[in-house]
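One structure is given below, encoded as structure tokens.
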Amino acid sequence: MTWNLRAVKMFDDFEQEKYIEIREVYYDDDGEPMGHCEAAMCGESLDDLQTYVEWALEALKKPVLEFKDQDVSE
């Protein structure tokens, strides 16, 4: 299993409000998104945080994924 940061379109509990979050997205062995969780910026050093920010900026260059009903899809 692999993961990266991606922009994910989220919906409120009533599926009326959409918003986008940077999230950790997990992929199966075929490279298909299989889940995600909230991304937290943390690290043991400022260098760790710099790397995480760089990953987040890379996520903005990829298509936004959409999360709905426990599914992650492009």
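Residues in the structure tokens are named by chain (A, B, ... in the order shown) and by number from 1 within that chain; ligands are numbered from 1 in the order shown.
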Next item on the list: Within 10 Å of segment 39-45 of chain A, counting only C-alpha atoms, which residues show up once you throw out same-chain ones fewer than 5 positions away? Write them as an NGL selection string, please.
Entry: :A and (4-6 or 21-25 or 50-53 or 56)
Residue subset to file, keeping N, CA and C atoms, as a PDB file, in the first residue's frame:
```pdb
ATOM      1  N   ASN A   4      -0.133   9.258  -0.622  1.00  0.00           N
ATOM      2  CA  ASN A   4       0.393  10.588  -0.896  1.00  0.00           C
ATOM      3  C   ASN A   4      -0.649  11.609  -0.453  1.00  0.00           C
ATOM      4  N   LEU A   5      -0.280  12.857  -0.537  1.00  0.00           N
ATOM      5  CA  LEU A   5      -1.234  13.912  -0.228  1.00  0.00           C
ATOM      6  C   LEU A   5      -1.986  14.273  -1.492  1.00  0.00           C
ATOM      7  N   ARG A   6      -3.292  14.484  -1.367  1.00  0.00           N
ATOM      8  CA  ARG A   6      -4.129  14.891  -2.499  1.00  0.00           C
ATOM      9  C   ARG A   6      -5.170  15.878  -2.016  1.00  0.00           C
ATOM     10  N   GLU A  21     -10.112  19.697   0.959  1.00  0.00           N
ATOM     11  CA  GLU A  21      -9.092  19.539   1.982  1.00  0.00           C
ATOM     12  C   GLU A  21      -7.884  18.821   1.374  1.00  0.00           C
ATOM     13  N   ILE A  22      -6.716  19.112   1.917  1.00  0.00           N
ATOM     14  CA  ILE A  22      -5.544  18.293   1.617  1.00  0.00           C
ATOM     15  C   ILE A  22      -5.603  17.115   2.576  1.00  0.00           C
ATOM     16  N   ARG A  23      -5.585  15.883   2.014  1.00  0.00           N
ATOM     17  CA  ARG A  23      -5.715  14.680   2.827  1.00  0.00           C
ATOM     18  C   ARG A  23      -4.669  13.655   2.420  1.00  0.00           C
ATOM     19  N   GLU A  24      -4.367  12.740   3.324  1.00  0.00           N
ATOM     20  CA  GLU A  24      -3.550  11.591   2.982  1.00  0.00           C
ATOM     21  C   GLU A  24      -4.461  10.589   2.299  1.00  0.00           C
ATOM     22  N   VAL A  25      -4.119  10.198   1.068  1.00  0.00           N
ATOM     23  CA  VAL A  25      -4.908   9.226   0.320  1.00  0.00           C
ATOM     24  C   VAL A  25      -4.091   7.948   0.189  1.00  0.00           C
ATOM     25  N   GLN A  50       8.897  21.337   6.284  1.00  0.00           N
ATOM     26  CA  GLN A  50       9.160  21.843   4.940  1.00  0.00           C
ATOM     27  C   GLN A  50       8.842  20.768   3.905  1.00  0.00           C
ATOM     28  N   THR A  51       9.253  19.542   4.157  1.00  0.00           N
ATOM     29  CA  THR A  51       8.957  18.434   3.242  1.00  0.00           C
ATOM     30  C   THR A  51       7.460  18.238   3.110  1.00  0.00           C
ATOM     31  N   TYR A  52       6.735  18.283   4.219  1.00  0.00           N
ATOM     32  CA  TYR A  52       5.285  18.093   4.190  1.00  0.00           C
ATOM     33  C   TYR A  52       4.607  19.191   3.387  1.00  0.00           C
ATOM     34  N   VAL A  53       5.062  20.420   3.539  1.00  0.00           N
ATOM     35  CA  VAL A  53       4.503  21.543   2.771  1.00  0.00           C
ATOM     36  C   VAL A  53       4.770  21.324   1.282  1.00  0.00           C
ATOM     37  N   ALA A  56       2.301  18.885   0.016  1.00  0.00           N
ATOM     38  CA  ALA A  56       0.981  19.511  -0.115  1.00  0.00           C
ATOM     39  C   ALA A  56       0.911  20.338  -1.391  1.00  0.00           C
TER      40      ALA A  56
END
```
Next item on the list: For Ile20 of chain A, list every protein, DNA or RNA residue within 9 Å, evaluated using only C-alpha atoms, and leave out those in the same chain fewer than 4 positions away; present the list as a PyMOL selection string.
Entry: chain A and resi 7-11+64+66
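Interatomic distance, atom CA of Tyr19 of chain A to atom CA of Glu38 of chain A: 13.5 Å.
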Note to self: From a backbone DSSP assignment, name each residue in chain A labelled strand (DSSP E), as JSON, numbers by chain.
What the structure shows: {"A": [2, 3, 4, 5, 6, 7, 8, 9, 10, 11, 18, 19, 20, 21, 22, 23, 24, 25, 26, 27, 33, 34, 35, 36, 37, 38, 65, 66, 67, 68, 71, 72, 73]}
Item checked: Å distance separating atom CA of Asp12 of chain A from atom CA of His36 of chain A, one decimal place -> 16.2 Å
Item checked: Residue list (alpha helix (DSSP H), DSSP) for chain A, as JSON, numbers by chain -> {"A": [46, 47, 48, 49, 50, 51, 52, 53, 54, 55, 56, 57, 58, 59]}
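Rounded to one decimal, atom CA of Leu49 of chain A and atom CA of Trp3 of chain A lie 17.4 Å from each other.
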